[in-house]
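J.: I'd like to ask some things about the structure below.
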Amino acid sequence: MPATPRPRHTTPQGAGRVPGAWWSRLQAGLRAGWLAVALVLASTAALSQGVELLTLRAARVEADLQMEFAARVALPRAVEDALQKGVPIYFVAEATLLRNRWYWRDERIARVSRSWRLALQPLTGVWRVSLGGLHQSYASLEEALAAVSRSAGWKLIEADRLDKDSSYYLEFSYRLDSSQLPGPMQFGLGGGADWTVGVSRTLRIEP
């Protein structure tokens with residue numbers, strides 16, 4: 001009796017290989033995924049090198065309208081390197097009080113500013129903070145940065161100059177002021193992003 005031939009199993013053409021179109025889509029998806037991760041990491045790095053405003057308040061204290069603020073500063077590597085080499089840096093806080101006017105531009109009622117100088121004393125390794133004619137020394141850069149990034153009891157205006165029937169708001173900014181750097185450094189900076197450190201905020205004021 002003749003043997004019954006056994007069926008042969010054939011593999012469809014192209015099986016075991018990834019189709020070209022599907023593989024291209026997979027590669028494109030992977031590239032897009034890595035790009036998204038890179039953008040997230042870049043955004044996180046940018047945030048870590050800036051200024052976070054922790055507190056901004058304005059209130060009547062006795063006969064004056066006073067404000068206070070506190071920020072957290074993370075210096076870019078280029079700025080910290082300059083400090084370590086003995087280059088002083090400056091931070092400036094500015095506050096402008098304005099009155100809303102529907103018929104014309106808003107009226108500026110008061111404007112105040114403060115400037116802090118931060119420098120390393122090379123011989124002692126001590127950090128020195130100057131505000132006006134006042135000077136204070138700190139053992140670490142973290143302590144010194146905390147001192148230059150906050151202020152309390154800052155007088156804006158006498159409270160009786162505010163009209164109870166008007167509305168007011170405060171424009172506040174705090175930044176690293178590269179314009180006070182030595183001339184040769186300013187020339188070399190150009191528009192360097194590493195030296196663009198700051199934050200701004202608008203606050204409504206109740207008269």
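Just remember, in the structure tokens the first chain shown is A, the second B, etc., residues are 1-based per chain, and ligands are 1-based in the order shown.
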Write out as a tab-separated table (two decimals) with N, CA and C atoms, in the first residue's frame the residues lying within 12 Å of region 55-58 of chain A, counting only C-alpha atoms and excluding same-chain residues fewer than 5 positions away.
T.:
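File around.tsv, as written:
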chain	number	residue	atom	x	y	z
A	64	ASP	N	1.68	102.93	57.14
A	64	ASP	CA	2.31	102.69	55.84
A	64	ASP	C	1.74	101.44	55.16
A	65	LEU	N	1.86	101.44	53.83
A	65	LEU	CA	1.64	100.23	53.06
A	65	LEU	C	3.01	99.59	52.86
A	66	GLN	N	3.18	98.38	53.38
A	66	GLN	CA	4.46	97.70	53.32
A	66	GLN	C	4.34	96.39	52.56
A	67	MET	N	5.45	95.93	52.05
A	67	MET	CA	5.47	94.66	51.33
A	67	MET	C	6.59	93.78	51.84
A	68	GLU	N	6.49	92.50	51.53
A	68	GLU	CA	7.54	91.55	51.82
A	68	GLU	C	7.57	90.50	50.72
A	69	PHE	N	8.75	89.95	50.50
A	69	PHE	CA	8.87	88.88	49.51
A	69	PHE	C	9.96	87.91	49.95
A	70	ALA	N	9.88	86.71	49.43
A	70	ALA	CA	10.91	85.70	49.65
A	70	ALA	C	10.99	84.85	48.40
A	71	ALA	N	12.20	84.55	47.96
A	71	ALA	CA	12.41	83.75	46.76
A	71	ALA	C	13.45	82.68	47.02
A	72	ARG	N	13.47	81.68	46.14
A	72	ARG	CA	14.50	80.64	46.17
A	72	ARG	C	15.29	80.75	44.88
A	93	ALA	N	15.62	94.04	43.35
A	93	ALA	CA	14.17	93.87	43.50
A	93	ALA	C	13.52	95.23	43.26
A	95	ALA	N	9.61	97.29	42.84
A	95	ALA	CA	8.16	97.22	43.03
A	95	ALA	C	7.55	98.56	42.60
A	96	THR	N	6.54	98.48	41.76
A	96	THR	CA	5.83	99.67	41.28
A	96	THR	C	4.36	99.55	41.64
A	97	LEU	N	3.85	100.54	42.34
A	97	LEU	CA	2.44	100.57	42.73
A	97	LEU	C	1.69	101.44	41.73
A	149	SER	N	17.71	87.20	48.81
A	149	SER	CA	16.48	86.89	48.08
A	149	SER	C	15.23	87.03	48.94
A	150	ARG	N	15.28	87.92	49.93
A	150	ARG	CA	14.09	88.16	50.75
A	150	ARG	C	14.17	89.55	51.38
A	151	SER	N	13.01	90.09	51.70
A	151	SER	CA	12.95	91.39	52.36
A	151	SER	C	11.59	91.52	53.04
A	152	ALA	N	11.57	92.11	54.23
A	152	ALA	CA	10.33	92.31	54.96
A	152	ALA	C	10.29	93.74	55.49
A	153	GLY	N	9.06	94.23	55.77
A	153	GLY	CA	8.93	95.58	56.28
A	153	GLY	C	9.38	96.64	55.30
A	154	TRP	N	9.17	96.38	54.01
A	154	TRP	CA	9.63	97.28	52.95
A	154	TRP	C	8.51	98.29	52.66
A	155	LYS	N	8.74	99.56	52.99
A	155	LYS	CA	7.71	100.59	52.83
A	155	LYS	C	7.52	100.94	51.36
A	156	LEU	N	6.26	100.92	50.93
A	156	LEU	CA	5.91	101.33	49.57
A	156	LEU	C	5.43	102.77	49.52
A	157	ILE	N	4.51	103.13	50.46
A	157	ILE	CA	3.89	104.45	50.43
A	157	ILE	C	3.13	104.65	51.74
A	159	ALA	N	-0.04	105.04	53.80
A	159	ALA	CA	-1.36	104.48	53.53
A	159	ALA	C	-2.41	105.54	53.28
A	168	TYR	N	-5.88	99.27	43.08
A	168	TYR	CA	-4.44	99.35	42.88
A	168	TYR	C	-3.86	97.96	42.63
A	169	TYR	N	-2.70	97.95	42.02
A	169	TYR	CA	-1.97	96.69	41.86
A	169	TYR	C	-0.47	96.96	41.90
A	170	LEU	N	0.26	95.91	42.22
A	170	LEU	CA	1.71	96.01	42.39
A	170	LEU	C	2.39	95.19	41.31
A	171	GLU	N	3.33	95.80	40.60
A	171	GLU	CA	4.18	95.08	39.66
A	171	GLU	C	5.54	94.85	40.33
A	172	PHE	N	5.89	93.59	40.50
A	172	PHE	CA	7.11	93.25	41.25
A	172	PHE	C	8.04	92.44	40.36
A	173	SER	N	9.34	92.71	40.49
A	173	SER	CA	10.35	91.92	39.77
A	173	SER	C	11.58	91.75	40.64
A	174	TYR	N	12.22	90.61	40.47
A	174	TYR	CA	13.47	90.30	41.18
A	174	TYR	C	14.37	89.60	40.19
A	199	VAL	N	12.43	86.75	38.14
A	199	VAL	CA	11.01	86.43	38.20
A	199	VAL	C	10.24	87.74	38.32
A	200	SER	N	9.00	87.75	37.83
A	200	SER	CA	8.14	88.93	37.96
A	200	SER	C	6.73	88.47	38.31
A	201	ARG	N	5.98	89.34	38.97
A	201	ARG	CA	4.64	88.99	39.40
A	201	ARG	C	3.81	90.26	39.57
A	202	THR	N	2.50	90.14	39.36
A	202	THR	CA	1.57	91.24	39.60
A	202	THR	C	0.66	90.87	40.76
A	203	LEU	N	0.46	91.81	41.68
A	203	LEU	CA	-0.31	91.55	42.90
A	203	LEU	C	-1.37	92.63	43.08
A	204	ARG	N	-2.59	92.22	43.28
A	204	ARG	CA	-3.67	93.19	43.55
A	204	ARG	C	-3.57	93.70	44.96
A	205	ILE	N	-3.80	95.02	45.13
A	205	ILE	CA	-3.66	95.67	46.42
A	205	ILE	C	-5.03	96.15	46.91
A	206	GLU	N	-5.33	95.85	48.15
A	206	GLU	CA	-6.57	96.35	48.75
A	206	GLU	C	-6.25	97.61	49.55
A	207	PRO	N	-6.77	98.78	49.13
A	207	PRO	CA	-6.45	100.05	49.82
A	207	PRO	C	-7.04	100.09	51.23
J.: Excluding Ile89 (chain A) and its own-chain neighbours fewer than 6 positions away, which residues fall within 7 Å of it when counting only C-alpha atoms? Please give them as JSON, numbers by chain.
T.: {"A": [117, 118, 119, 181]}
J.: To test your reading of the structure, identify every residue in region 49-161 of chain A that backbone DSSP assigns to strand (DSSP E), and report it as a PyMOL selection string.
T.: chain A and resi 51-61+64-73+89-99+107-121+126-131+134-138+150-158
J.: Given the selection you just returned, output its residues as a file containing C-alpha atoms, formatted as a compact mmCIF listing (two decimals), in the first residue's frame.
T.:
# COMPACT_ATOMS: atom_id res chain seq x y z
CA VAL A 51 14.07 81.93 40.64
CA GLU A 52 11.02 80.60 42.45
CA LEU A 53 8.95 83.27 44.17
CA LEU A 54 7.83 81.79 47.49
CA THR A 55 6.10 84.80 49.07
CA LEU A 56 4.81 88.18 47.90
CA ARG A 57 2.54 90.19 50.19
CA ALA A 58 1.52 93.80 50.74
CA ALA A 59 -0.44 95.08 53.73
CA ARG A 60 -1.03 98.13 55.92
CA VAL A 61 1.35 98.32 58.88
CA ASP A 64 2.31 102.69 55.84
CA LEU A 65 1.64 100.23 53.06
CA GLN A 66 4.46 97.70 53.32
CA MET A 67 5.47 94.66 51.33
CA GLU A 68 7.54 91.55 51.82
CA PHE A 69 8.87 88.88 49.51
CA ALA A 70 10.91 85.70 49.65
CA ALA A 71 12.41 83.75 46.76
CA ARG A 72 14.50 80.64 46.17
CA VAL A 73 17.47 81.13 43.83
CA ILE A 89 27.19 89.74 41.49
CA TYR A 90 24.12 91.88 42.14
CA PHE A 91 20.43 91.17 42.66
CA VAL A 92 17.77 93.85 42.25
CA ALA A 93 14.17 93.87 43.50
CA GLU A 94 11.78 96.49 42.13
CA ALA A 95 8.16 97.22 43.03
CA THR A 96 5.83 99.67 41.28
CA LEU A 97 2.44 100.57 42.73
CA LEU A 98 -0.16 101.61 40.12
CA ARG A 99 -3.74 102.84 40.24
CA GLU A 107 -1.18 105.97 37.19
CA ARG A 108 2.11 105.16 38.88
CA ILE A 109 1.76 105.98 42.57
CA ALA A 110 5.09 104.78 43.95
CA ARG A 111 8.22 102.95 42.88
CA VAL A 112 10.90 101.44 45.11
CA SER A 113 13.97 99.28 44.52
CA ARG A 114 16.69 97.49 46.46
CA SER A 115 20.03 96.13 45.32
CA TRP A 116 22.11 93.43 47.03
CA ARG A 117 25.80 92.76 46.36
CA LEU A 118 27.08 89.23 46.87
CA ALA A 119 30.79 88.40 46.84
CA LEU A 120 33.26 85.81 48.10
CA GLN A 121 36.14 86.99 50.28
CA VAL A 126 33.48 83.97 53.72
CA TRP A 127 30.50 85.18 51.67
CA ARG A 128 29.65 88.86 52.10
CA VAL A 129 26.26 90.43 51.41
CA SER A 130 25.90 94.22 51.16
CA LEU A 131 22.66 96.19 51.13
CA LEU A 134 24.96 97.42 55.70
CA HIS A 135 27.19 94.35 55.42
CA GLN A 136 26.77 90.82 56.69
CA SER A 137 29.00 87.73 56.39
CA TYR A 138 27.88 84.12 55.88
CA ARG A 150 14.09 88.16 50.75
CA SER A 151 12.95 91.39 52.36
CA ALA A 152 10.33 92.31 54.96
CA GLY A 153 8.93 95.58 56.28
CA TRP A 154 9.63 97.28 52.95
CA LYS A 155 7.71 100.59 52.83
CA LEU A 156 5.91 101.33 49.57
CA ILE A 157 3.89 104.45 50.43
CA GLU A 158 2.01 106.18 53.24
J.: Record the distance separating CA of Asp81 (chain A) and CA of Pro122 (chain A), expressed in Å with one decimal.
T.: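 Computing the Euclidean distance for CA of Asp81 (chain A) and CA of Pro122 (chain A) yields 13.4 Å.
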J.: Name the closest residue to Pro76 (chain A) among the candidates A:Gly50, A:Leu176, A:Ala139, A:Tyr103; distances are taken between atoms, counting only C-alpha atoms.
T.: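 That would be A:Gly50, the residue with the smallest distance to Pro76 (chain A).
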J.: Let's see if you can do this: from backbone DSSP, list all alpha helix (DSSP H) residues in region 45-130 of chain A, as a list in words.
T.: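 Here is the list: Ala45, Ala46, Leu47, Ser48, Arg77, Ala78, Val79, Glu80, Asp81, Ala82, Leu83 and Gln84 of chain A.
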J.: For the selection you just gave me, I'd like the residues written to a file as an mmCIF file, in the first residue's frame, keeping N, CA and C atoms.
T.:
data_model
loop_
_atom_site.group_PDB
_atom_site.id
_atom_site.type_symbol
_atom_site.label_atom_id
_atom_site.label_comp_id
_atom_site.auth_asym_id
_atom_site.auth_seq_id
_atom_site.Cartn_x
_atom_site.Cartn_y
_atom_site.Cartn_z
ATOM 1 N N ALA A 45 15.638 71.401 33.788
ATOM 2 C CA ALA A 45 16.924 72.053 34.029
ATOM 3 C C ALA A 45 16.774 73.559 34.039
ATOM 4 N N ALA A 46 15.952 74.088 33.111
ATOM 5 C CA ALA A 46 15.759 75.533 33.057
ATOM 6 C C ALA A 46 15.109 76.042 34.337
ATOM 7 N N LEU A 47 14.124 75.305 34.851
ATOM 8 C CA LEU A 47 13.462 75.715 36.065
ATOM 9 C C LEU A 47 14.411 75.688 37.252
ATOM 10 N N SER A 48 15.305 74.696 37.297
ATOM 11 C CA SER A 48 16.207 74.559 38.426
ATOM 12 C C SER A 48 17.264 75.642 38.444
ATOM 13 N N ARG A 77 25.566 77.423 36.452
ATOM 14 C CA ARG A 77 26.974 77.109 36.701
ATOM 15 C C ARG A 77 27.900 78.282 36.358
ATOM 16 N N ALA A 78 27.613 78.987 35.255
ATOM 17 C CA ALA A 78 28.478 80.097 34.847
ATOM 18 C C ALA A 78 28.510 81.193 35.905
ATOM 19 N N VAL A 79 27.373 81.481 36.529
ATOM 20 C CA VAL A 79 27.312 82.520 37.548
ATOM 21 C C VAL A 79 28.061 82.081 38.800
ATOM 22 N N GLU A 80 27.849 80.828 39.212
ATOM 23 C CA GLU A 80 28.543 80.339 40.402
ATOM 24 C C GLU A 80 30.056 80.292 40.180
ATOM 25 N N ASP A 81 30.480 79.920 38.982
ATOM 26 C CA ASP A 81 31.916 79.908 38.676
ATOM 27 C C ASP A 81 32.513 81.302 38.792
ATOM 28 N N ALA A 82 31.790 82.304 38.307
ATOM 29 C CA ALA A 82 32.274 83.681 38.404
ATOM 30 C C ALA A 82 32.405 84.101 39.872
ATOM 31 N N LEU A 83 31.421 83.725 40.683
ATOM 32 C CA LEU A 83 31.483 84.038 42.113
ATOM 33 C C LEU A 83 32.705 83.406 42.765
ATOM 34 N N GLN A 84 32.939 82.136 42.446
ATOM 35 C CA GLN A 84 34.070 81.426 43.042
ATOM 36 C C GLN A 84 35.406 82.060 42.649
#
J.: Would you mind reading off the distance between CA of Lys164 (chain A) and CA of Asn100 (chain A), one decimal, in Å?
T.: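 Calculated distance between CA of Lys164 (chain A) and CA of Asn100 (chain A) is 12.4 Å.
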